[in-house]
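See below for the structure under consideration.
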Amino acid sequence: MHTSAALDRISPSPTLGVTARVMELKRAGIDVIGLGAGEPDFDTPEFIKDAAIKAIRDGKTKYTVVDGTAELKEAIAAKFARDNHLTYAPDQITVNVGGKHTLFNAMVATVEAGDEVVIPAPYWVSYPDVVQFAGGTPVIAPAGPDQNYKLSPEALEAAITPRTKWVILNSPSNPTGAAYSADELKALGEVFLRHPHVWIFADDMYEHIVYDGFRFATIAEVVPELYERTLTVNGCSKAYSMTGWRIGYAGGARWLIKAIAKLQSQSTSNPCSVAQAAAVAALTGDQSFLAGRNDAFKVRRDLVVNALNAIPGMTCPTPEGAFYVYPAFALLIGRSTPKGVTITDDTAFVTYLLDEARVAAVQGAAFGLSPAMRISYATSDALLTEACARIAEACAALR
């Protein structure tokens, strides 16, 4: 017995690996500050938890329709109309076990050997692996610091071939926090309109976490001609601090939603019934708490950006959204640690930070653009201040 070829094409998630390592060190009593996890430190709001408790008390603990309850699909349709000016009927909506599951379902349901999926880099770690699992070929399009970590129309045009099936757009982005304005999406839309065989996977998971007056937009909203070939993807994990509840969802073409349901019927079946009831409350309830949380995230963002930019050899752009920064540090590569170990790449650098400074970050190599690292600032101001001080001290010790 051996593992399948499909499984052999992928690697374990680097971000989940860092999180597991931090938990292991903390259990051993080691003072480590984890900046690797992509989840808010805020608790799930009480009104959402209350809805889940009520669902349990009311006996909503049975199987549901495989791709989401009618109540949740109605709530999602209302959310798309309210926030994105997009109209989706219930049979155009899929509910999945987290946004990663939505990605997995969409790729496995549509991608065949020889198909290409364009992924701007830096990218969320799971995009290429899921494409490869499905048998497709990831085509990495550069979206580096010279482009403010965004895909340019020219880079998009250069990446598309007759074999391109999907392009993945993530805004605000994991890992950089870069977000596309409506005008930037329109410019990309002009490229897509020239290539009618290409579909768009619009990952809007960080939609509600934006700063400095940035106005979120999604591509099917600003380029209506692309509505039929866009899968507009979102979820409850980030905005509502519901990472463990595992609810992702999407709106798209009826045939695609039906195909996703077919696949899901033979894999996970329905998402957790109780989590679905909680998601209804999240999407239909009072949204005013989001502004206060964004204010707190902005303070943390500014704290971390300023501290990292004060470190010689490190450059940290100011992101428009999400809760990550992506500092680059080419000038630190090649230096030696106090123990005489050479920092050969960003993996060696984050290993040094974890071993010596007890700060956990994720290497840029995991996201397709080096030398850099992703830091999540979804933790307390005090811990972020201490973590940045440790990073500065560790960098100063390099020779």
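By convention here, the chains of the structure tokens are called A, B, ... in the order presented, each chain's residues are numbered starting at 1, and ligands are numbered starting at 1 in the order presented.
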Please identify all polymer residues within 6 Å of range 235-237 of chain A, counting only C-alpha atoms, omitting same-chain residues fewer than 4 positions from it, and present them as JSON, numbers by chain. {"A": [205, 241, 242, 243, 247, 248, 249]}
Mind the document's chain letters and residue numbers, and return as a list in words the residues of range 185-339 of chain A that DSSP labels strand (DSSP E or B). Trp199, Ile200, Phe201, Ala202, Asp203, Val210, Thr230, Leu231, Thr232, Val233, Asn234, Gly235, Gly248, Tyr249, Ala250, Gly251, Thr315, Gly321, Tyr324, Val325, Ala328 and Ser336 of chain A
Atoms kept (all heavy atoms) for selection, written as a short mmCIF file (atom, residue, chain, number, x, y, z; two decimals), in the first residue's frame:
```cif
data_model
loop_
_atom_site.label_atom_id
_atom_site.label_comp_id
_atom_site.auth_asym_id
_atom_site.auth_seq_id
_atom_site.Cartn_x
_atom_site.Cartn_y
_atom_site.Cartn_z
N TRP A 199 -12.27 31.66 -16.01
CA TRP A 199 -13.16 31.90 -14.88
C TRP A 199 -12.38 32.56 -13.74
O TRP A 199 -11.16 32.42 -13.65
CB TRP A 199 -13.76 30.57 -14.40
CG TRP A 199 -14.91 30.15 -15.27
CD1 TRP A 199 -14.88 29.83 -16.59
CD2 TRP A 199 -16.27 30.03 -14.86
NE1 TRP A 199 -16.13 29.52 -17.05
CE2 TRP A 199 -17.01 29.64 -16.01
CE3 TRP A 199 -16.95 30.23 -13.66
CZ2 TRP A 199 -18.40 29.42 -15.96
CZ3 TRP A 199 -18.32 30.00 -13.62
CH2 TRP A 199 -19.03 29.61 -14.76
N ILE A 200 -13.11 33.27 -12.88
CA ILE A 200 -12.48 34.00 -11.77
C ILE A 200 -12.97 33.45 -10.45
O ILE A 200 -14.18 33.35 -10.21
CB ILE A 200 -12.79 35.52 -11.84
CG1 ILE A 200 -12.34 36.11 -13.18
CG2 ILE A 200 -12.11 36.25 -10.69
CD1 ILE A 200 -13.46 36.51 -14.08
N PHE A 201 -12.01 33.07 -9.60
CA PHE A 201 -12.29 32.66 -8.23
C PHE A 201 -11.98 33.87 -7.35
O PHE A 201 -10.81 34.19 -7.11
CB PHE A 201 -11.41 31.46 -7.85
CG PHE A 201 -11.69 30.86 -6.50
CD1 PHE A 201 -12.50 29.74 -6.38
CD2 PHE A 201 -11.14 31.40 -5.34
CE1 PHE A 201 -12.75 29.17 -5.13
CE2 PHE A 201 -11.39 30.84 -4.10
CZ PHE A 201 -12.20 29.72 -3.99
N ALA A 202 -13.02 34.59 -6.92
CA ALA A 202 -12.84 35.83 -6.16
C ALA A 202 -12.92 35.51 -4.68
O ALA A 202 -14.01 35.33 -4.13
CB ALA A 202 -13.90 36.85 -6.56
N ASP A 203 -11.77 35.45 -4.02
CA ASP A 203 -11.69 35.11 -2.60
C ASP A 203 -11.77 36.41 -1.79
O ASP A 203 -10.80 37.14 -1.67
CB ASP A 203 -10.39 34.36 -2.32
CG ASP A 203 -10.25 33.93 -0.88
OD1 ASP A 203 -11.03 34.39 -0.03
OD2 ASP A 203 -9.36 33.11 -0.58
N VAL A 210 -10.78 46.19 6.52
CA VAL A 210 -10.09 47.17 5.68
C VAL A 210 -9.90 48.46 6.48
O VAL A 210 -10.60 48.70 7.46
CB VAL A 210 -10.86 47.46 4.37
CG1 VAL A 210 -10.87 46.24 3.46
CG2 VAL A 210 -12.30 47.90 4.67
N THR A 230 -17.78 34.18 -12.63
CA THR A 230 -17.09 34.46 -11.37
C THR A 230 -17.73 33.65 -10.25
O THR A 230 -18.95 33.62 -10.12
CB THR A 230 -17.17 35.95 -11.01
OG1 THR A 230 -16.55 36.72 -12.05
CG2 THR A 230 -16.48 36.24 -9.69
N LEU A 231 -16.89 32.99 -9.45
CA LEU A 231 -17.34 32.39 -8.21
C LEU A 231 -16.94 33.36 -7.10
O LEU A 231 -15.75 33.55 -6.84
CB LEU A 231 -16.71 31.02 -7.99
CG LEU A 231 -17.28 30.23 -6.80
CD1 LEU A 231 -18.74 29.84 -7.04
CD2 LEU A 231 -16.45 28.97 -6.53
N THR A 232 -17.93 34.00 -6.48
CA THR A 232 -17.67 34.99 -5.43
C THR A 232 -17.69 34.29 -4.09
O THR A 232 -18.72 33.78 -3.65
CB THR A 232 -18.73 36.11 -5.47
OG1 THR A 232 -18.76 36.68 -6.79
CG2 THR A 232 -18.40 37.20 -4.47
N VAL A 233 -16.52 34.23 -3.45
CA VAL A 233 -16.29 33.36 -2.29
C VAL A 233 -16.11 34.19 -1.03
O VAL A 233 -15.42 35.21 -1.03
CB VAL A 233 -15.04 32.48 -2.53
CG1 VAL A 233 -14.80 31.53 -1.36
CG2 VAL A 233 -15.19 31.70 -3.85
N ASN A 234 -16.71 33.72 0.06
CA ASN A 234 -16.58 34.42 1.33
C ASN A 234 -16.80 33.41 2.46
O ASN A 234 -16.86 32.21 2.21
CB ASN A 234 -17.58 35.58 1.40
CG ASN A 234 -17.04 36.78 2.14
OD1 ASN A 234 -16.52 36.65 3.25
ND2 ASN A 234 -17.17 37.96 1.55
N GLY A 235 -16.90 33.89 3.68
CA GLY A 235 -17.09 32.99 4.81
C GLY A 235 -17.24 33.76 6.10
O GLY A 235 -17.16 34.99 6.11
N GLY A 248 -17.81 28.33 5.10
CA GLY A 248 -17.48 29.12 3.92
C GLY A 248 -18.65 29.06 2.97
O GLY A 248 -19.50 28.16 3.07
N TYR A 249 -18.71 30.02 2.05
CA TYR A 249 -19.83 30.00 1.10
C TYR A 249 -19.42 30.72 -0.17
O TYR A 249 -18.40 31.41 -0.22
CB TYR A 249 -21.09 30.62 1.71
CG TYR A 249 -20.93 32.05 2.18
CD1 TYR A 249 -21.06 33.12 1.29
CD2 TYR A 249 -20.68 32.34 3.52
CE1 TYR A 249 -20.92 34.43 1.72
CE2 TYR A 249 -20.55 33.65 3.96
CZ TYR A 249 -20.67 34.70 3.05
OH TYR A 249 -20.52 35.99 3.48
N ALA A 250 -20.23 30.55 -1.21
CA ALA A 250 -19.94 31.20 -2.48
C ALA A 250 -21.21 31.34 -3.29
O ALA A 250 -22.17 30.58 -3.11
CB ALA A 250 -18.91 30.40 -3.28
N GLY A 251 -21.20 32.33 -4.20
CA GLY A 251 -22.27 32.51 -5.17
C GLY A 251 -21.70 32.38 -6.57
O GLY A 251 -20.60 32.89 -6.84
N THR A 315 11.97 45.90 5.34
CA THR A 315 11.01 46.82 4.73
C THR A 315 9.62 46.24 4.83
O THR A 315 9.38 45.12 4.37
CB THR A 315 11.35 47.06 3.24
OG1 THR A 315 12.71 47.49 3.14
CG2 THR A 315 10.43 48.11 2.64
N GLY A 321 -5.74 46.03 4.10
CA GLY A 321 -6.74 45.21 4.78
C GLY A 321 -6.15 43.94 5.36
O GLY A 321 -4.93 43.78 5.44
N TYR A 324 -2.48 40.96 8.31
CA TYR A 324 -1.13 40.47 8.08
C TYR A 324 -0.24 41.61 7.58
O TYR A 324 -0.71 42.53 6.92
CB TYR A 324 -1.10 39.37 7.01
CG TYR A 324 -2.07 38.25 7.22
CD1 TYR A 324 -3.22 38.15 6.43
CD2 TYR A 324 -1.85 37.29 8.21
CE1 TYR A 324 -4.11 37.11 6.62
CE2 TYR A 324 -2.75 36.26 8.40
CZ TYR A 324 -3.88 36.17 7.60
OH TYR A 324 -4.77 35.15 7.79
N VAL A 325 1.05 41.49 7.88
CA VAL A 325 2.06 42.28 7.18
C VAL A 325 3.06 41.31 6.55
O VAL A 325 3.18 40.16 6.99
CB VAL A 325 2.78 43.27 8.11
CG1 VAL A 325 1.84 44.38 8.54
CG2 VAL A 325 3.39 42.59 9.31
N ALA A 328 9.81 42.38 3.90
CA ALA A 328 10.90 41.79 3.10
C ALA A 328 12.23 42.13 3.77
O ALA A 328 12.37 43.17 4.41
CB ALA A 328 10.85 42.33 1.68
N SER A 336 25.14 35.98 9.58
CA SER A 336 25.31 34.84 10.48
C SER A 336 24.69 35.13 11.85
O SER A 336 24.73 36.27 12.34
CB SER A 336 26.80 34.52 10.67
OG SER A 336 27.36 34.13 9.44
#
```
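Counting only C-alpha atoms, Leu226 in chain A has the following residues at most 10 Å away, ignoring those fewer than 5 positions along the same chain: Gly189, Glu190, Phe192, Leu193, Pro196, Val198, Trp199, Ile200, Ile219, Ala220, Glu221 and Leu231 of chain A.
Within 12 Å of Trp255 in chain A, once only C-alpha atoms are used and residues closer than 3 positions along the same chain are dropped, the contacting residues are Asp91, Gln92, Ile93, Thr94, Ala106, Ala109, Thr110, Glu228, Arg229, Leu231, Gly251, Gly252, Lys258, Ala259, Ile260, Ala261 and Lys262 of chain A.
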Output for the residues just chosen: all heavy atoms as a short mmCIF file (atom, residue, chain, number, x, y, z; two decimals), in the first residue's frame:
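Output file selection-v4.cif follows:
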```cif
data_model
loop_
_atom_site.label_atom_id
_atom_site.label_comp_id
_atom_site.auth_asym_id
_atom_site.auth_seq_id
_atom_site.Cartn_x
_atom_site.Cartn_y
_atom_site.Cartn_z
N ASP A 91 -30.31 28.63 -5.43
CA ASP A 91 -29.65 27.56 -6.19
C ASP A 91 -28.37 28.05 -6.87
O ASP A 91 -27.74 27.30 -7.63
CB ASP A 91 -30.60 26.91 -7.20
CG ASP A 91 -31.09 27.88 -8.26
OD1 ASP A 91 -30.85 29.10 -8.12
OD2 ASP A 91 -31.73 27.41 -9.22
N GLN A 92 -27.97 29.29 -6.57
CA GLN A 92 -26.67 29.81 -7.02
C GLN A 92 -25.70 29.95 -5.86
O GLN A 92 -24.64 30.55 -6.02
CB GLN A 92 -26.85 31.19 -7.68
CG GLN A 92 -27.57 31.18 -9.01
CD GLN A 92 -27.72 32.59 -9.54
OE1 GLN A 92 -28.61 33.35 -9.14
NE2 GLN A 92 -26.83 32.97 -10.45
N ILE A 93 -26.05 29.38 -4.71
CA ILE A 93 -25.24 29.54 -3.50
C ILE A 93 -24.85 28.17 -2.96
O ILE A 93 -25.68 27.25 -2.90
CB ILE A 93 -26.01 30.34 -2.43
CG1 ILE A 93 -26.17 31.80 -2.88
CG2 ILE A 93 -25.31 30.28 -1.07
CD1 ILE A 93 -27.11 32.62 -2.03
N THR A 94 -23.59 28.04 -2.57
CA THR A 94 -23.09 26.83 -1.93
C THR A 94 -22.54 27.18 -0.56
O THR A 94 -21.93 28.24 -0.38
CB THR A 94 -22.00 26.15 -2.77
OG1 THR A 94 -21.50 25.00 -2.08
CG2 THR A 94 -20.82 27.06 -3.05
N ALA A 106 -14.44 23.70 -5.71
CA ALA A 106 -14.47 24.35 -7.03
C ALA A 106 -13.39 23.80 -7.95
O ALA A 106 -13.63 23.55 -9.14
CB ALA A 106 -14.32 25.85 -6.86
N ALA A 109 -14.00 19.98 -8.78
CA ALA A 109 -15.19 19.81 -9.63
C ALA A 109 -14.97 20.25 -11.07
O ALA A 109 -15.74 19.86 -11.95
CB ALA A 109 -16.37 20.57 -9.03
N THR A 110 -13.93 21.06 -11.33
CA THR A 110 -13.79 21.64 -12.67
C THR A 110 -12.44 21.44 -13.34
O THR A 110 -12.35 21.51 -14.56
CB THR A 110 -14.04 23.17 -12.61
OG1 THR A 110 -13.07 23.78 -11.75
CG2 THR A 110 -15.44 23.48 -12.10
N GLU A 228 -21.34 35.86 -14.70
CA GLU A 228 -21.63 34.45 -14.99
C GLU A 228 -20.41 33.55 -14.86
O GLU A 228 -20.55 32.34 -14.69
CB GLU A 228 -22.24 34.30 -16.39
CG GLU A 228 -23.73 34.53 -16.44
CD GLU A 228 -24.54 33.52 -15.63
OE1 GLU A 228 -24.11 32.36 -15.50
OE2 GLU A 228 -25.62 33.90 -15.12
N ARG A 229 -19.21 34.12 -14.96
CA ARG A 229 -18.03 33.26 -14.84
C ARG A 229 -17.15 33.64 -13.65
O ARG A 229 -15.93 33.44 -13.67
CB ARG A 229 -17.22 33.21 -16.14
CG ARG A 229 -16.88 34.54 -16.77
CD ARG A 229 -16.29 34.27 -18.17
NE ARG A 229 -16.02 35.48 -18.90
CZ ARG A 229 -14.80 35.96 -19.14
NH1 ARG A 229 -13.73 35.33 -18.71
NH2 ARG A 229 -14.65 37.06 -19.85
N LEU A 231 -16.89 32.99 -9.45
CA LEU A 231 -17.34 32.39 -8.21
C LEU A 231 -16.94 33.36 -7.10
O LEU A 231 -15.75 33.55 -6.84
CB LEU A 231 -16.71 31.02 -7.99
CG LEU A 231 -17.28 30.23 -6.80
CD1 LEU A 231 -18.74 29.84 -7.04
CD2 LEU A 231 -16.45 28.97 -6.53
N GLY A 251 -21.20 32.33 -4.20
CA GLY A 251 -22.27 32.51 -5.17
C GLY A 251 -21.70 32.38 -6.57
O GLY A 251 -20.60 32.89 -6.84
N GLY A 252 -22.43 31.69 -7.44
CA GLY A 252 -21.92 31.51 -8.79
C GLY A 252 -22.94 30.91 -9.73
O GLY A 252 -24.14 30.83 -9.41
N LYS A 258 -24.23 23.36 -8.64
CA LYS A 258 -24.77 21.99 -8.65
C LYS A 258 -23.63 20.96 -8.66
O LYS A 258 -23.70 19.94 -7.97
CB LYS A 258 -25.66 21.80 -9.88
CG LYS A 258 -26.41 20.48 -9.92
CD LYS A 258 -27.35 20.42 -11.12
CE LYS A 258 -28.10 19.09 -11.16
NZ LYS A 258 -29.01 19.02 -12.33
N ALA A 259 -22.58 21.25 -9.42
CA ALA A 259 -21.42 20.34 -9.46
C ALA A 259 -20.73 20.26 -8.10
O ALA A 259 -20.33 19.18 -7.65
CB ALA A 259 -20.44 20.82 -10.53
N ILE A 260 -20.61 21.41 -7.43
CA ILE A 260 -20.00 21.44 -6.10
C ILE A 260 -20.83 20.63 -5.12
O ILE A 260 -20.29 19.88 -4.29
CB ILE A 260 -19.82 22.90 -5.64
CG1 ILE A 260 -18.67 23.55 -6.43
CG2 ILE A 260 -19.56 22.99 -4.14
CD1 ILE A 260 -18.53 25.04 -6.19
N ALA A 261 -22.15 20.75 -5.21
CA ALA A 261 -23.05 19.98 -4.32
C ALA A 261 -22.89 18.48 -4.56
O ALA A 261 -22.90 17.68 -3.61
CB ALA A 261 -24.49 20.41 -4.54
N LYS A 262 -22.74 18.10 -5.81
CA LYS A 262 -22.55 16.68 -6.14
C LYS A 262 -21.28 16.14 -5.49
O LYS A 262 -21.28 15.06 -4.88
CB LYS A 262 -22.47 16.52 -7.66
CG LYS A 262 -22.26 15.10 -8.16
CD LYS A 262 -22.20 15.08 -9.68
CE LYS A 262 -21.95 13.68 -10.22
NZ LYS A 262 -21.86 13.67 -11.71
#
```
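CA of Ala365 in chain A lies 22.2 Å from CA of Ala6 in chain A.
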List every residue of range 65-143 of chain A that has an atom at most 12 Å from any atom of range 372-393 of chain A, giving for each one its closest atom pair and the distance in Å to one decimal, counting only C-alpha atoms, sorted by chain and then by ascending residue number, as a tab-separated table.
```
residue	atom	partner	partner_atom	distance
A:Pro122	CA	A:Ala372	CA	10.0
A:Tyr123	CA	A:Arg374	CA	11.0
A:Trp124	CA	A:Arg374	CA	10.5
A:Val125	CA	A:Arg374	CA	11.2
```
Mind giving me the straight-line distance from CA of Asn294 in chain A to CA of Tyr180 in chain A in Å, one decimal? 18.1 Å
Pro312 in chain A surroundings by only C-alpha atoms, 9 Å radius, close-in-sequence under 2 positions cut, as a tab-separated table (two decimals) with N, CA, C and O atoms, in the first residue's frame:
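Saved as selection-v7.tsv:
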```
chain	number	residue	atom	x	y	z
A	308	LEU	N	8.66	47.31	12.56
A	308	LEU	CA	9.46	46.52	11.63
A	308	LEU	C	10.25	47.42	10.68
A	308	LEU	O	11.40	47.10	10.34
A	309	ASN	N	9.67	48.54	10.27
A	309	ASN	CA	10.39	49.46	9.38
A	309	ASN	C	11.55	50.14	10.09
A	309	ASN	O	12.47	50.66	9.44
A	310	ALA	N	11.53	50.13	11.41
A	310	ALA	CA	12.65	50.71	12.18
A	310	ALA	C	13.83	49.75	12.28
A	310	ALA	O	14.91	50.14	12.75
A	314	MET	N	15.08	45.70	7.01
A	314	MET	CA	13.72	45.17	6.86
A	314	MET	C	12.83	46.27	6.29
A	314	MET	O	12.90	47.42	6.70
A	315	THR	N	11.97	45.90	5.34
A	315	THR	CA	11.01	46.82	4.73
A	315	THR	C	9.62	46.24	4.83
A	315	THR	O	9.38	45.12	4.37
A	331	LEU	N	18.36	42.16	2.68
A	331	LEU	CA	19.66	42.59	3.22
A	331	LEU	C	20.12	41.73	4.39
A	331	LEU	O	21.29	41.77	4.77
A	332	LEU	N	19.21	40.96	4.97
A	332	LEU	CA	19.58	40.12	6.11
A	332	LEU	C	20.03	38.72	5.67
A	332	LEU	O	20.62	37.98	6.46
A	392	ALA	N	13.59	42.71	16.60
A	392	ALA	CA	14.62	43.74	16.43
A	392	ALA	C	15.94	43.30	17.09
A	392	ALA	O	17.02	43.48	16.50
A	395	CYS	N	17.55	40.55	15.00
A	395	CYS	CA	18.16	41.09	13.78
A	395	CYS	C	19.45	41.83	14.09
A	395	CYS	O	20.44	41.74	13.33
A	396	ALA	N	19.44	42.58	15.19
A	396	ALA	CA	20.64	43.31	15.57
A	396	ALA	C	21.81	42.38	15.92
A	396	ALA	O	22.98	42.78	15.79
```
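One distance worth recording is that between CA of Arg21 in chain A and CA of Val341 in chain A, which is 21.4 Å.
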What are the closest atom pairs, with distances in Å to one decimal, for all residues of range 185-291 of chain A lying within 7 Å of range 39-58 of chain A? Consider only C-alpha atoms, order rows by chain and residue number, and present the result as a tab-separated table.
```
residue	atom	partner	partner_atom	distance
A:Lys238	CA	A:Glu39	CA	6.4
A:Tyr240	CA	A:Thr44	CA	6.2
A:Ser241	CA	A:Thr44	CA	5.0
A:Met242	CA	A:Thr44	CA	5.9
A:Thr243	CA	A:Glu39	CA	6.5
A:Val274	CA	A:Ala52	CA	5.5
A:Ala275	CA	A:Ala52	CA	6.6
A:Ala277	CA	A:Ala52	CA	6.0
A:Ala278	CA	A:Ala52	CA	4.9
A:Ala281	CA	A:Ile48	CA	5.6
A:Ala282	CA	A:Ile48	CA	5.7
```
If DSSP is run on the backbone, what residues of range 112-236 of chain A are alpha helix (DSSP H)? A reply as number ranges by chain would be ideal. A: 126-133, 153-159, 182-193, 219-222
Keeping only N, CA and C atoms, write those residues as a JSON list (two decimals), in the first residue's frame.
```json
[["chain", "number", "residue", "atom", "x", "y", "z"],
["A", 126, "SER", "N", -2.59, 27.52, 0.36],
["A", 126, "SER", "CA", -3.37, 26.37, -0.13],
["A", 126, "SER", "C", -3.70, 26.43, -1.62],
["A", 127, "TYR", "N", -3.62, 27.61, -2.23],
["A", 127, "TYR", "CA", -4.04, 27.71, -3.63],
["A", 127, "TYR", "C", -3.29, 26.73, -4.55],
["A", 128, "PRO", "N", -1.96, 26.77, -4.61],
["A", 128, "PRO", "CA", -1.28, 25.89, -5.56],
["A", 128, "PRO", "C", -1.49, 24.41, -5.24],
["A", 129, "ASP", "N", -1.48, 24.06, -3.96],
["A", 129, "ASP", "CA", -1.60, 22.65, -3.60],
["A", 129, "ASP", "C", -2.95, 22.07, -3.98],
["A", 130, "VAL", "N", -4.01, 22.84, -3.76],
["A", 130, "VAL", "CA", -5.33, 22.34, -4.12],
["A", 130, "VAL", "C", -5.45, 22.19, -5.64],
["A", 131, "VAL", "N", -4.90, 23.13, -6.38],
["A", 131, "VAL", "CA", -4.89, 23.02, -7.85],
["A", 131, "VAL", "C", -4.14, 21.75, -8.27],
["A", 132, "GLN", "N", -3.00, 21.51, -7.65],
["A", 132, "GLN", "CA", -2.21, 20.33, -8.00],
["A", 132, "GLN", "C", -2.93, 19.04, -7.60],
["A", 133, "PHE", "N", -3.59, 19.05, -6.46],
["A", 133, "PHE", "CA", -4.36, 17.87, -6.06],
["A", 133, "PHE", "C", -5.42, 17.55, -7.11],
["A", 153, "PRO", "N", -2.67, 44.32, -14.79],
["A", 153, "PRO", "CA", -3.29, 43.81, -16.02],
["A", 153, "PRO", "C", -2.27, 43.18, -16.97],
["A", 154, "GLU", "N", -1.06, 43.76, -17.02],
["A", 154, "GLU", "CA", -0.02, 43.22, -17.92],
["A", 154, "GLU", "C", 0.42, 41.83, -17.48],
["A", 155, "ALA", "N", 0.61, 41.66, -16.16],
["A", 155, "ALA", "CA", 1.02, 40.35, -15.65],
["A", 155, "ALA", "C", -0.08, 39.32, -15.84],
["A", 156, "LEU", "N", -1.34, 39.75, -15.68],
["A", 156, "LEU", "CA", -2.46, 38.84, -15.91],
["A", 156, "LEU", "C", -2.51, 38.41, -17.37],
["A", 157, "GLU", "N", -2.39, 39.35, -18.27],
["A", 157, "GLU", "CA", -2.41, 39.04, -19.71],
["A", 157, "GLU", "C", -1.31, 38.06, -20.06],
["A", 158, "ALA", "N", -0.13, 38.28, -19.51],
["A", 158, "ALA", "CA", 1.02, 37.41, -19.82],
["A", 158, "ALA", "C", 0.83, 36.00, -19.29],
["A", 159, "ALA", "N", 0.06, 35.85, -18.23],
["A", 159, "ALA", "CA", -0.10, 34.52, -17.60],
["A", 159, "ALA", "C", -1.17, 33.67, -18.26],
["A", 182, "ALA", "N", -11.80, 49.43, -6.79],
["A", 182, "ALA", "CA", -12.74, 49.17, -7.88],
["A", 182, "ALA", "C", -12.10, 49.45, -9.24],
["A", 183, "ASP", "N", -11.32, 50.52, -9.33],
["A", 183, "ASP", "CA", -10.67, 50.86, -10.60],
["A", 183, "ASP", "C", -9.64, 49.79, -10.99],
["A", 184, "GLU", "N", -8.90, 49.28, -10.01],
["A", 184, "GLU", "CA", -7.93, 48.23, -10.30],
["A", 184, "GLU", "C", -8.63, 46.95, -10.77],
["A", 185, "LEU", "N", -9.77, 46.64, -10.18],
["A", 185, "LEU", "CA", -10.53, 45.46, -10.62],
["A", 185, "LEU", "C", -11.09, 45.66, -12.03],
["A", 186, "LYS", "N", -11.52, 46.88, -12.33],
["A", 186, "LYS", "CA", -12.02, 47.16, -13.68],
["A", 186, "LYS", "C", -10.91, 46.96, -14.72],
["A", 187, "ALA", "N", -9.70, 47.37, -14.38],
["A", 187, "ALA", "CA", -8.57, 47.20, -15.31],
["A", 187, "ALA", "C", -8.28, 45.72, -15.54],
["A", 188, "LEU", "N", -8.35, 44.91, -14.48],
["A", 188, "LEU", "CA", -8.20, 43.47, -14.65],
["A", 188, "LEU", "C", -9.37, 42.90, -15.45],
["A", 189, "GLY", "N", -10.56, 43.45, -15.21],
["A", 189, "GLY", "CA", -11.75, 42.98, -15.91],
["A", 189, "GLY", "C", -11.63, 43.13, -17.42],
["A", 190, "GLU", "N", -10.97, 44.20, -17.87],
["A", 190, "GLU", "CA", -10.77, 44.38, -19.31],
["A", 190, "GLU", "C", -9.97, 43.23, -19.91],
["A", 191, "VAL", "N", -9.01, 42.71, -19.14],
["A", 191, "VAL", "CA", -8.24, 41.55, -19.60],
["A", 191, "VAL", "C", -9.13, 40.32, -19.64],
["A", 192, "PHE", "N", -9.89, 40.09, -18.58],
["A", 192, "PHE", "CA", -10.77, 38.93, -18.54],
["A", 192, "PHE", "C", -11.78, 38.93, -19.69],
["A", 193, "LEU", "N", -12.28, 40.11, -20.04],
["A", 193, "LEU", "CA", -13.27, 40.20, -21.11],
["A", 193, "LEU", "C", -12.69, 39.80, -22.46],
["A", 219, "ILE", "N", -15.08, 41.69, -7.98],
["A", 219, "ILE", "CA", -15.01, 41.88, -9.43],
["A", 219, "ILE", "C", -16.34, 41.71, -10.15],
["A", 220, "ALA", "N", -17.19, 40.78, -9.69],
["A", 220, "ALA", "CA", -18.49, 40.62, -10.36],
["A", 220, "ALA", "C", -19.38, 41.83, -10.14],
["A", 221, "GLU", "N", -19.11, 42.58, -9.09],
["A", 221, "GLU", "CA", -19.85, 43.80, -8.80],
["A", 221, "GLU", "C", -19.44, 44.93, -9.74],
["A", 222, "VAL", "N", -18.13, 45.11, -9.92],
["A", 222, "VAL", "CA", -17.66, 46.27, -10.71],
["A", 222, "VAL", "C", -17.56, 45.97, -12.20]]
```
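For Ala37 in chain A, the set of protein, DNA and RNA residues having any atom at most 8 Å away, when counting only C-alpha atoms and skipping those fewer than 2 positions along the same chain, is Thr15, Leu16, Val18, Thr19, Gly34, Leu35, Glu39 and Ser376 of chain A.
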Could you check the closest approach to Ala77 in chain A for each of A:Ser267, A:Cys272, A:Thr284, A:Ala121 and tell me which residue wins, using only C-alpha atoms? A:Thr284
Set the distance at 12 Å and use only C-alpha atoms: which residues neighbour Asp346 in chain A once local chain neighbours fewer than 6 positions away are removed? I'd like the list as a PyMOL selection string. chain A and resi 326-335+352-353+361-374
Just checking: using only C-alpha atoms, which residue out of A:Phe104, A:Pro90, A:Arg194, A:Ile168 ends up closest to Pro120 in chain A? A:Ile168
